[in-house]
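Below is start-v3.cif, which holds mmCIF, C-alpha atoms.
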data_target
loop_
_atom_site.label_atom_id
_atom_site.label_comp_id
_atom_site.auth_asym_id
_atom_site.auth_seq_id
_atom_site.Cartn_x
_atom_site.Cartn_y
_atom_site.Cartn_z
CA MET A 1 0.00 0.00 0.00
CA ASN A 2 1.48 3.35 -1.07
CA ASP A 3 2.30 5.53 1.95
CA LYS A 4 2.17 8.69 -0.19
CA LYS A 5 -1.37 7.87 -1.26
CA LEU A 6 -2.38 7.18 2.34
CA GLN A 7 -1.00 10.58 3.29
CA ALA A 8 -2.68 12.37 0.39
CA LEU A 9 -6.09 10.69 0.75
CA TYR A 10 -6.41 10.32 4.51
CA GLY A 11 -3.60 12.27 6.17
CA LEU A 12 -2.16 9.04 7.59
CA LYS A 13 1.45 8.97 8.74
CA TRP A 14 1.52 5.21 8.17
CA ASN A 15 -0.82 2.30 7.59
CA PRO A 16 -2.46 1.98 11.03
CA PHE A 17 -3.33 -1.68 10.46
CA SER A 18 0.09 -2.91 9.42
CA PRO A 19 2.14 -5.05 11.85
CA GLU A 20 5.08 -2.74 11.05
CA VAL A 21 3.74 0.38 12.78
CA PRO A 22 6.29 2.16 15.00
CA THR A 23 6.70 0.51 18.38
CA GLU A 24 5.64 3.65 20.24
CA ALA A 25 2.33 3.56 18.30
CA LEU A 26 1.40 0.03 19.38
CA TRP A 27 -1.62 -0.49 21.58
CA SER A 28 -0.72 -1.65 25.08
CA PRO A 29 -3.02 -4.49 26.20
CA PRO A 30 -4.35 -4.61 29.76
CA GLY A 31 -1.80 -6.23 32.05
CA LEU A 32 1.29 -5.16 30.12
CA ASP A 33 2.12 -2.24 32.43
CA LEU A 34 2.06 -4.50 35.47
CA PHE A 35 4.08 -7.16 33.67
CA CYS A 36 6.78 -4.66 32.69
CA SER A 37 6.86 -3.26 36.21
CA ARG A 38 7.32 -6.74 37.70
CA LEU A 39 9.91 -7.57 35.07
CA GLN A 40 11.96 -4.48 35.89
CA HIS A 41 11.84 -5.42 39.58
CA GLN A 42 12.95 -8.93 38.63
CA ILE A 43 15.86 -7.56 36.59
CA ARG A 44 17.09 -5.51 39.55
CA HIS A 45 16.66 -8.08 42.31
CA HIS A 46 16.16 -11.69 41.25
CA GLY A 47 16.70 -12.51 37.59
CA GLY A 48 15.24 -15.81 36.43
CA PHE A 49 12.44 -16.42 33.98
CA ALA A 50 9.37 -14.49 32.82
CA LEU A 51 6.62 -15.64 30.46
CA VAL A 52 4.40 -14.11 27.77
CA SER A 53 1.83 -16.56 26.41
CA GLY A 54 -1.23 -16.54 24.18
CA GLU A 55 -2.72 -18.08 21.09
CA PRO A 56 -1.78 -16.86 17.58
CA GLY A 57 -2.95 -13.33 16.88
CA THR A 58 -3.54 -12.29 20.49
CA GLY A 59 -0.65 -9.81 20.48
CA LYS A 60 2.39 -11.68 21.81
CA SER A 61 4.90 -10.22 19.37
CA ALA A 62 3.54 -6.70 19.89
CA ALA A 63 3.81 -7.21 23.66
CA MET A 64 7.44 -8.28 23.22
CA ARG A 65 8.18 -5.20 21.11
CA LEU A 66 6.68 -2.96 23.78
CA THR A 67 8.54 -4.81 26.51
CA ALA A 68 11.86 -4.40 24.68
CA HIS A 69 11.07 -0.72 24.11
CA ARG A 70 10.47 -0.12 27.82
CA LEU A 71 13.52 -2.09 28.88
CA ALA A 72 15.60 0.08 26.56
CA GLU A 73 14.75 3.01 28.83
CA LEU A 74 16.74 1.43 31.69
CA PRO A 75 20.26 2.88 31.62
CA ASP A 76 23.09 0.57 30.52
CA LEU A 77 20.91 -2.55 30.50
CA ASN A 78 22.13 -5.27 28.15
CA VAL A 79 19.14 -6.72 26.25
CA GLY A 80 19.70 -9.56 23.79
CA VAL A 81 17.17 -11.07 21.38
CA ILE A 82 17.32 -14.69 20.21
CA ILE A 83 16.04 -14.90 16.63
CA ARG A 84 16.59 -18.65 16.07
CA PRO A 85 14.85 -20.37 18.99
CA GLN A 86 14.74 -23.63 17.04
CA SER A 87 18.54 -24.00 17.14
CA ARG A 88 20.18 -27.00 18.70
CA LEU A 89 22.66 -26.56 21.53
CA ALA A 90 25.79 -25.72 19.50
CA ASP A 91 24.08 -23.08 17.35
CA PHE A 92 22.27 -21.71 20.40
CA TYR A 93 25.64 -21.14 22.07
CA ARG A 94 26.88 -19.37 18.96
CA GLU A 95 23.90 -17.01 18.94
CA LEU A 96 24.04 -16.47 22.69
CA GLY A 97 27.70 -15.55 22.42
CA TYR A 98 26.90 -13.16 19.57
CA VAL A 99 24.12 -11.28 21.41
CA SER A 100 26.20 -11.19 24.60
CA GLY A 101 29.32 -9.88 22.86
CA VAL A 102 31.37 -12.93 23.86
CA PRO A 103 33.26 -14.94 21.20
CA LEU A 104 32.47 -18.61 21.81
CA ALA A 105 33.74 -21.93 20.51
CA PRO A 106 30.70 -24.24 20.61
CA HIS A 107 32.89 -27.35 20.78
CA ASN A 108 34.20 -26.11 24.16
CA ARG A 109 31.01 -25.27 26.04
CA TRP A 110 32.76 -25.29 29.43
CA ALA A 111 34.99 -22.40 28.44
CA GLY A 112 32.09 -20.70 26.69
CA SER A 113 29.82 -20.93 29.72
CA ARG A 114 32.58 -19.53 31.94
CA SER A 115 33.09 -16.56 29.58
CA LEU A 116 29.36 -15.86 29.46
CA ARG A 117 28.95 -16.03 33.22
CA GLU A 118 31.92 -13.74 33.77
CA LYS A 119 30.41 -11.24 31.31
CA TRP A 120 27.03 -11.37 33.05
CA MET A 121 28.53 -11.00 36.54
CA ALA A 122 30.55 -7.98 35.40
CA HIS A 123 27.36 -6.43 33.96
CA ILE A 124 25.53 -6.95 37.27
CA GLU A 125 28.38 -5.35 39.23
CA GLN A 126 28.50 -2.33 36.92
CA THR A 127 24.77 -1.68 36.45
CA LEU A 128 23.04 -3.58 39.31
CA HIS A 129 20.81 -5.12 36.61
CA ARG A 130 20.69 -8.69 35.33
CA PRO A 131 21.19 -8.88 31.56
CA VAL A 132 17.98 -9.71 29.69
CA LEU A 133 17.40 -12.31 27.00
CA LEU A 134 14.17 -12.09 24.95
CA ILE A 135 13.06 -15.24 23.13
CA ASP A 136 10.00 -15.07 20.88
CA GLU A 137 8.42 -18.27 19.49
CA ALA A 138 9.92 -20.11 22.47
CA GLN A 139 7.64 -23.10 21.86
CA GLU A 140 10.12 -23.99 19.09
CA MET A 141 13.02 -24.37 21.56
CA HIS A 142 14.45 -27.79 22.24
CA PRO A 143 13.89 -28.75 25.90
CA LEU A 144 17.60 -29.48 26.26
CA VAL A 145 18.39 -25.89 25.25
CA VAL A 146 15.93 -24.48 27.80
CA SER A 147 17.45 -26.63 30.55
CA GLU A 148 20.96 -25.61 29.52
CA LEU A 149 19.94 -21.96 29.72
CA ARG A 150 18.63 -22.43 33.25
CA LEU A 151 21.84 -24.11 34.40
CA LEU A 152 24.00 -21.59 32.59
CA ALA A 153 22.38 -18.66 34.38
CA SER A 154 22.40 -20.25 37.85
CA ALA A 155 25.04 -19.40 40.46
CA ASP A 156 25.81 -20.06 44.13
CA PHE A 157 24.12 -23.47 44.22
CA ASP A 158 21.10 -22.15 42.34
CA SER A 159 20.42 -19.41 44.90
CA ARG A 160 21.26 -16.64 42.42
CA SER A 161 20.40 -16.00 38.80
CA LEU A 162 22.79 -14.12 36.50
CA LEU A 163 20.26 -13.56 33.74
CA THR A 164 16.63 -12.59 33.15
CA VAL A 165 14.99 -14.63 30.39
CA VAL A 166 11.63 -13.70 28.86
CA LEU A 167 10.04 -16.65 27.06
CA CYS A 168 7.19 -15.90 24.65
CA GLY A 169 5.07 -18.55 23.00
CA ASP A 170 1.70 -20.17 22.47
CA SER A 171 -0.01 -23.04 24.30
CA ARG A 172 2.66 -25.46 23.12
CA LEU A 173 5.16 -23.61 25.31
CA LEU A 174 2.85 -23.95 28.31
CA GLN A 175 2.54 -27.67 27.69
CA MET A 176 6.30 -28.00 27.27
CA LEU A 177 6.91 -26.31 30.62
CA LYS A 178 4.71 -28.92 32.31
CA THR A 179 7.02 -31.76 31.30
CA GLU A 180 9.21 -33.29 33.96
CA ASP A 181 12.47 -32.03 32.44
CA LEU A 182 11.30 -28.40 32.44
CA LEU A 183 9.48 -28.19 35.77
CA PRO A 184 12.58 -26.53 37.29
CA VAL A 185 12.22 -23.78 34.69
CA ALA A 186 8.46 -23.41 35.22
CA SER A 187 8.97 -23.04 38.97
CA ARG A 188 11.31 -20.09 38.35
CA ILE A 189 8.86 -18.02 36.31
CA ARG A 190 8.12 -14.88 38.34
CA ALA A 191 6.34 -12.49 35.96
CA ARG A 192 3.60 -13.73 33.62
CA LEU A 193 1.51 -12.06 30.93
CA LEU A 194 -1.36 -14.18 29.60
CA LEU A 195 -2.92 -12.80 26.43
CA GLU A 196 -6.42 -14.13 25.90
CA PRO A 197 -9.10 -13.31 23.29
CA ARG A 198 -10.10 -9.71 23.89
CA PRO A 199 -13.65 -8.45 24.51
CA ALA A 200 -15.08 -6.14 21.86
CA ARG A 201 -14.50 -3.05 24.02
CA ASP A 202 -10.76 -3.78 24.17
CA LEU A 203 -10.61 -4.32 20.42
CA LEU A 204 -12.44 -1.02 19.91
CA ASP A 205 -9.87 0.71 22.13
CA CYS A 206 -7.08 -0.92 20.13
CA LEU A 207 -8.60 0.18 16.82
CA GLN A 208 -9.19 3.75 17.97
CA HIS A 209 -5.67 3.96 19.39
CA SER A 210 -4.21 2.83 16.04
CA LEU A 211 -6.19 5.45 14.13
CA ASP A 212 -5.30 8.22 16.59
CA ARG A 213 -1.58 7.48 16.40
CA ALA A 214 -1.63 7.23 12.62
CA GLY A 215 -3.23 10.67 12.36
CA ASN A 216 -6.86 10.12 11.28
CA PRO A 217 -9.20 9.09 14.11
CA GLN A 218 -12.25 9.53 11.81
CA LEU A 219 -11.07 7.19 9.06
CA LEU A 220 -13.70 4.58 9.94
CA THR A 221 -17.28 5.34 10.87
CA PRO A 222 -18.33 4.26 14.39
CA GLU A 223 -20.69 1.68 12.91
CA VAL A 224 -17.89 0.02 10.93
CA MET A 225 -15.57 0.06 13.93
CA ASN A 226 -18.16 -1.67 16.10
CA THR A 227 -18.93 -4.22 13.38
CA LEU A 228 -15.24 -5.04 12.91
CA CYS A 229 -14.75 -5.56 16.63
CA GLU A 230 -17.80 -7.81 16.88
CA HIS A 231 -16.61 -10.02 14.02
CA ALA A 232 -12.90 -10.27 14.92
CA LEU A 233 -13.41 -13.26 17.25
CA GLY A 234 -11.57 -11.46 20.04
CA ASN A 235 -8.36 -11.59 17.99
CA PRO A 236 -6.41 -8.33 17.40
CA ARG A 237 -4.64 -9.77 14.34
CA VAL A 238 -7.94 -10.69 12.69
CA LEU A 239 -9.23 -7.21 13.50
CA MET A 240 -6.28 -5.48 11.84
CA GLN A 241 -6.36 -7.75 8.80
CA MET A 242 -10.03 -6.99 8.20
CA ALA A 243 -9.45 -3.27 8.67
CA GLU A 244 -6.53 -3.36 6.25
CA ASP A 245 -8.69 -5.09 3.65
CA LEU A 246 -11.16 -2.21 3.98
CA LEU A 247 -8.41 0.37 3.72
CA LEU A 248 -7.06 -1.26 0.57
CA ALA A 249 -10.53 -1.24 -0.99
CA ALA A 250 -11.13 2.38 0.00
CA THR A 251 -7.75 3.47 -1.37
CA SER A 252 -8.33 1.74 -4.70
CA ARG A 253 -11.62 3.64 -5.07
CA ASP A 254 -10.39 6.97 -3.65
CA LEU A 255 -13.16 6.91 -1.04
CA PRO A 256 -12.93 9.68 1.58
CA ARG A 257 -14.02 7.43 4.47
CA ILE A 258 -14.65 3.78 5.26
CA ASP A 259 -18.35 3.17 5.94
CA GLU A 260 -20.80 0.30 6.25
CA LYS A 261 -21.53 0.25 2.53
CA LEU A 262 -17.90 -0.57 1.79
CA TYR A 263 -17.83 -3.14 4.59
CA LEU A 264 -20.78 -4.99 3.04
CA GLU A 265 -19.21 -4.85 -0.41
CA VAL A 266 -15.94 -6.30 0.85
CA PHE A 267 -17.14 -8.87 3.39
CA ALA A 268 -20.73 -9.76 2.45
CA PRO A 269 -20.96 -13.36 1.22
CA PRO A 270 -21.42 -13.63 -2.56
CA LYS A 271 -24.94 -14.24 -3.69
CA ASP A 272 -25.77 -17.62 -5.17
CA PRO A 273 -26.61 -17.08 -8.87
CA ARG A 274 -29.06 -19.98 -8.67
CA THR A 275 -31.11 -17.96 -6.18
CA ARG A 276 -31.44 -15.12 -8.67
CA THR A 277 -32.49 -17.58 -11.39
CA ARG A 278 -35.19 -19.17 -9.24
CA THR A 279 -36.45 -15.71 -8.21
CA ALA A 280 -36.67 -14.58 -11.85
CA ARG A 281 -38.60 -17.70 -12.88
CA SER A 282 -41.09 -17.35 -10.07
#
Entire entry expressed as structure tokens:
Amino acid sequence: MNDKKLQALYGLKWNPFSPEVPTEALWSPPGLDLFCSRLQHQIRHHGGFALVSGEPGTGKSAAMRLTAHRLAELPDLNVGVIIRPQSRLADFYRELGYVSGVPLAPHNRWAGSRSLREKWMAHIEQTLHRPVLLIDEAQEMHPLVVSELRLLASADFDSRSLLTVVLCGDSRLLQMLKTEDLLPVASRIRARLLLEPRPARDLLDCLQHSLDRAGNPQLLTPEVMNTLCEHALGNPRVLMQMAEDLLLAATSRDLPRIDEKLYLEVFAPPKDPRTRTRTARS
């Protein structure tokens, strides 16, 4: 979708329904402020694990973007992001060394773990904060890697954690954490954010927030906004996809505003031609 046309037609600074909106323009779901507050306390005092969970489309990735954005406001905090959660142990060590700024030789994990732990302890002494590791799509992680991460970050006979790890994933992650091998990890989760299907009023707040930040709060009529929220099945991703379909249709027709007429044209089920034939014969 052409950003120049969106600006010319609707005064939009960006597509408000795209997943690539600026982080500061994302809608903050209920519970995120408390989660971030607890996470910051955890970073200062305890370390260990935190969890963001929810089904596809409920806003996990957006919550992780907002969490990373808020953590960036803490001075001198080292935040790393794992982008290949599906890696086996050797490749996981390579990526962990890369995001931590520590050159590692995966074939010598003892030396690598010592270098990582020394780097993390030095960071704690300098900043009084545990380094943070953010892992999206954590349901793809191998259980052996999760266990290795727990052991790697433990110190003083498991009475102290050198790292804060935020795991983000769907129900498969929750099931994985219930297995016997990962119960020690599950018992160390301090902060949790559970993203469930949202009621229509939350979706309406999300939609209005997106329009306000993009620069045109009147782009959709109130009737269309309510209809979208009622038909999105409580899923913010579905809501934004439907709204983007409407915006694409409106842009192609140079319509000044998205109304119910356009909604019916885009989403109304096609009429069965056999019905028209039977009606004409009768």
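Nearest-residue note for A:Leu204: choosing from A:Gly234, A:Pro75, A:Pro22, A:Gly80, the minimum distance belongs to A:Gly234, counting all atoms listed in the file.
As for atom CA of A:Arg237 and atom CA of A:Ala249, they are spaced 18.5 Å apart.
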Selection result for the PyMOL selection byres ((chain A and resi 28) around 10) on this file, as a PyMOL selection string
chain A and resi 24-27+29-33+59+62-63+66-67+205-206+209
Residues within 9 Å of A:Arg160, all atoms listed in the file, excluding chain neighbours under 3 positions, as a list in words:
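Selected residues are His46, Gly47, Gly48, Ala153, Ser154, Ala155, Asp156 and Phe157 of chain A.
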Quick one: write out the picked residues with C-alpha atoms as an mmCIF file, in the coordinates of the input?
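The resulting out.cif:
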data_model
loop_
_atom_site.group_PDB
_atom_site.id
_atom_site.type_symbol
_atom_site.label_atom_id
_atom_site.label_comp_id
_atom_site.auth_asym_id
_atom_site.auth_seq_id
_atom_site.Cartn_x
_atom_site.Cartn_y
_atom_site.Cartn_z
ATOM 1 C CA HIS A 46 16.160 -11.690 41.250
ATOM 2 C CA GLY A 47 16.700 -12.510 37.590
ATOM 3 C CA GLY A 48 15.240 -15.810 36.430
ATOM 4 C CA ALA A 153 22.380 -18.660 34.380
ATOM 5 C CA SER A 154 22.400 -20.250 37.850
ATOM 6 C CA ALA A 155 25.040 -19.400 40.460
ATOM 7 C CA ASP A 156 25.810 -20.060 44.130
ATOM 8 C CA PHE A 157 24.120 -23.470 44.220
#
Correct to one decimal, the distance atom CA of A:Pro131-atom CA of A:Val165 is 8.5 Å
Just give me the gap between atom CA of A:His69 and atom CA of A:Ala191 in Å, one decimal is fine.
17.4 Å
So, with all atoms listed in the file as the atoms that count, which of A:Asp136, A:Pro222, A:Met121, A:Arg253 lies closest to A:Ile83?
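Smallest separation from A:Ile83 among the options: A:Asp136.
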Need to verify the contact set: A:Gln208, 10 Å, all atoms listed in the file, exclusion of same-chain residues closer than 3 positions in sequence. Can you return it as a list of chain:residue names?
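In the requested format, the answer is A:Pro16, A:Trp27, A:Asp202, A:Leu203, A:Leu204, A:Asp205, A:Leu211, A:Asp212, A:Arg213, A:Ala214, A:Asn216, A:Pro217, A:Gln218, A:Leu219, A:Leu220, A:Pro222, A:Met225.
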For the selection you just gave me, I'd like the residues written to a file as a short mmCIF file (atom, residue, chain, number, x, y, z; two decimals), keeping the file's coordinate frame, keeping C-alpha atoms.
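Ended up saving to selection.cif:
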data_model
loop_
_atom_site.label_atom_id
_atom_site.label_comp_id
_atom_site.auth_asym_id
_atom_site.auth_seq_id
_atom_site.Cartn_x
_atom_site.Cartn_y
_atom_site.Cartn_z
CA PRO A 16 -2.46 1.98 11.03
CA TRP A 27 -1.62 -0.49 21.58
CA ASP A 202 -10.76 -3.78 24.17
CA LEU A 203 -10.61 -4.32 20.42
CA LEU A 204 -12.44 -1.02 19.91
CA ASP A 205 -9.87 0.71 22.13
CA LEU A 211 -6.19 5.45 14.13
CA ASP A 212 -5.30 8.22 16.59
CA ARG A 213 -1.58 7.48 16.40
CA ALA A 214 -1.63 7.23 12.62
CA ASN A 216 -6.86 10.12 11.28
CA PRO A 217 -9.20 9.09 14.11
CA GLN A 218 -12.25 9.53 11.81
CA LEU A 219 -11.07 7.19 9.06
CA LEU A 220 -13.70 4.58 9.94
CA PRO A 222 -18.33 4.26 14.39
CA MET A 225 -15.57 0.06 13.93
#
I need the residue set behind the PyMOL selection byres ((chain A and resi 127) around 10) for this file; please write it as number ranges by chain.
A: 44, 74-78, 122-126, 128-131
Output the residue selection produced by the PyMOL selection byres ((chain A and resi 258-268) around 12) on the file above, formatted as a JSON list (two decimals) with C-alpha atoms, in the coordinates of the input.
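Saved the output as out.json:
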[["chain", "number", "residue", "atom", "x", "y", "z"],
["A", 9, "LEU", "CA", -6.09, 10.69, 0.75],
["A", 10, "TYR", "CA", -6.41, 10.32, 4.51],
["A", 216, "ASN", "CA", -6.86, 10.12, 11.28],
["A", 217, "PRO", "CA", -9.20, 9.09, 14.11],
["A", 218, "GLN", "CA", -12.25, 9.53, 11.81],
["A", 219, "LEU", "CA", -11.07, 7.19, 9.06],
["A", 220, "LEU", "CA", -13.70, 4.58, 9.94],
["A", 221, "THR", "CA", -17.28, 5.34, 10.87],
["A", 222, "PRO", "CA", -18.33, 4.26, 14.39],
["A", 223, "GLU", "CA", -20.69, 1.68, 12.91],
["A", 224, "VAL", "CA", -17.89, 0.02, 10.93],
["A", 225, "MET", "CA", -15.57, 0.06, 13.93],
["A", 226, "ASN", "CA", -18.16, -1.67, 16.10],
["A", 227, "THR", "CA", -18.93, -4.22, 13.38],
["A", 228, "LEU", "CA", -15.24, -5.04, 12.91],
["A", 231, "HIS", "CA", -16.61, -10.02, 14.02],
["A", 242, "MET", "CA", -10.03, -6.99, 8.20],
["A", 243, "ALA", "CA", -9.45, -3.27, 8.67],
["A", 244, "GLU", "CA", -6.53, -3.36, 6.25],
["A", 245, "ASP", "CA", -8.69, -5.09, 3.65],
["A", 246, "LEU", "CA", -11.16, -2.21, 3.98],
["A", 247, "LEU", "CA", -8.41, 0.37, 3.72],
["A", 248, "LEU", "CA", -7.06, -1.26, 0.57],
["A", 249, "ALA", "CA", -10.53, -1.24, -0.99],
["A", 250, "ALA", "CA", -11.13, 2.38, 0.00],
["A", 251, "THR", "CA", -7.75, 3.47, -1.37],
["A", 252, "SER", "CA", -8.33, 1.74, -4.70],
["A", 253, "ARG", "CA", -11.62, 3.64, -5.07],
["A", 254, "ASP", "CA", -10.39, 6.97, -3.65],
["A", 255, "LEU", "CA", -13.16, 6.91, -1.04],
["A", 256, "PRO", "CA", -12.93, 9.68, 1.58],
["A", 257, "ARG", "CA", -14.02, 7.43, 4.47],
["A", 269, "PRO", "CA", -20.96, -13.36, 1.22],
["A", 270, "PRO", "CA", -21.42, -13.63, -2.56],
["A", 271, "LYS", "CA", -24.94, -14.24, -3.69]]
Which of A:Leu207, A:Pro19, A:Gln7, A:Leu39 sits closest to A:Gly57 [using only C-alpha atoms]:
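Of A:Leu207, A:Pro19, A:Gln7, A:Leu39, the one nearest A:Gly57, counting only C-alpha atoms, is A:Pro19.
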Considering only C-alpha atoms, state which residue in the set A:Glu180, A:Val21, A:Gly11, A:Leu174 is at the smallest distance from A:Arg192.
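Under the stated criterion, the closest residue is A:Leu174.
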Ref. answer, residues at most 10 Å from (9.8, -23.6, 33.0) with all atoms listed in the file, as a PDB file with C-alpha atoms, in the frame of the given file:
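Heads up, here's the output in point-v2.pdb:
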ATOM      1  CA  PHE A  49      12.440 -16.420  33.980  1.00  0.00           C
ATOM      2  CA  ALA A  50       9.370 -14.490  32.820  1.00  0.00           C
ATOM      3  CA  LEU A  51       6.620 -15.640  30.460  1.00  0.00           C
ATOM      4  CA  PRO A 143      13.890 -28.750  25.900  1.00  0.00           C
ATOM      5  CA  VAL A 146      15.930 -24.480  27.800  1.00  0.00           C
ATOM      6  CA  SER A 147      17.450 -26.630  30.550  1.00  0.00           C
ATOM      7  CA  ARG A 150      18.630 -22.430  33.250  1.00  0.00           C
ATOM      8  CA  LEU A 167      10.040 -16.650  27.060  1.00  0.00           C
ATOM      9  CA  LEU A 173       5.160 -23.610  25.310  1.00  0.00           C
ATOM     10  CA  LEU A 174       2.850 -23.950  28.310  1.00  0.00           C
ATOM     11  CA  GLN A 175       2.540 -27.670  27.690  1.00  0.00           C
ATOM     12  CA  MET A 176       6.300 -28.000  27.270  1.00  0.00           C
ATOM     13  CA  LEU A 177       6.910 -26.310  30.620  1.00  0.00           C
ATOM     14  CA  LYS A 178       4.710 -28.920  32.310  1.00  0.00           C
ATOM     15  CA  THR A 179       7.020 -31.760  31.300  1.00  0.00           C
ATOM     16  CA  GLU A 180       9.210 -33.290  33.960  1.00  0.00           C
ATOM     17  CA  ASP A 181      12.470 -32.030  32.440  1.00  0.00           C
ATOM     18  CA  LEU A 182      11.300 -28.400  32.440  1.00  0.00           C
ATOM     19  CA  LEU A 183       9.480 -28.190  35.770  1.00  0.00           C
ATOM     20  CA  PRO A 184      12.580 -26.530  37.290  1.00  0.00           C
ATOM     21  CA  VAL A 185      12.220 -23.780  34.690  1.00  0.00           C
ATOM     22  CA  ALA A 186       8.460 -23.410  35.220  1.00  0.00           C
ATOM     23  CA  SER A 187       8.970 -23.040  38.970  1.00  0.00           C
ATOM     24  CA  ARG A 188      11.310 -20.090  38.350  1.00  0.00           C
ATOM     25  CA  ILE A 189       8.860 -18.020  36.310  1.00  0.00           C
TER      26      ILE A 189
END
Would you compute an axis-aligned box for stretch 96-109 of chain A, covering every atom listed for it in the file with 4 Å of margin on each side, and report centre and edge lengths in Å to one decimal as lines of an AutoDock Vina configuration file?
center_x = 29.1
center_y = -18.6
center_z = 22.8
size_x = 18.2
size_y = 25.5
size_z = 14.5
Considering only C-alpha atoms, can you say which of A:Leu162, A:Leu89, A:Leu133, A:Val102 comes closest to A:Trp120?
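Selected residue with least distance to A:Trp120: A:Leu162.
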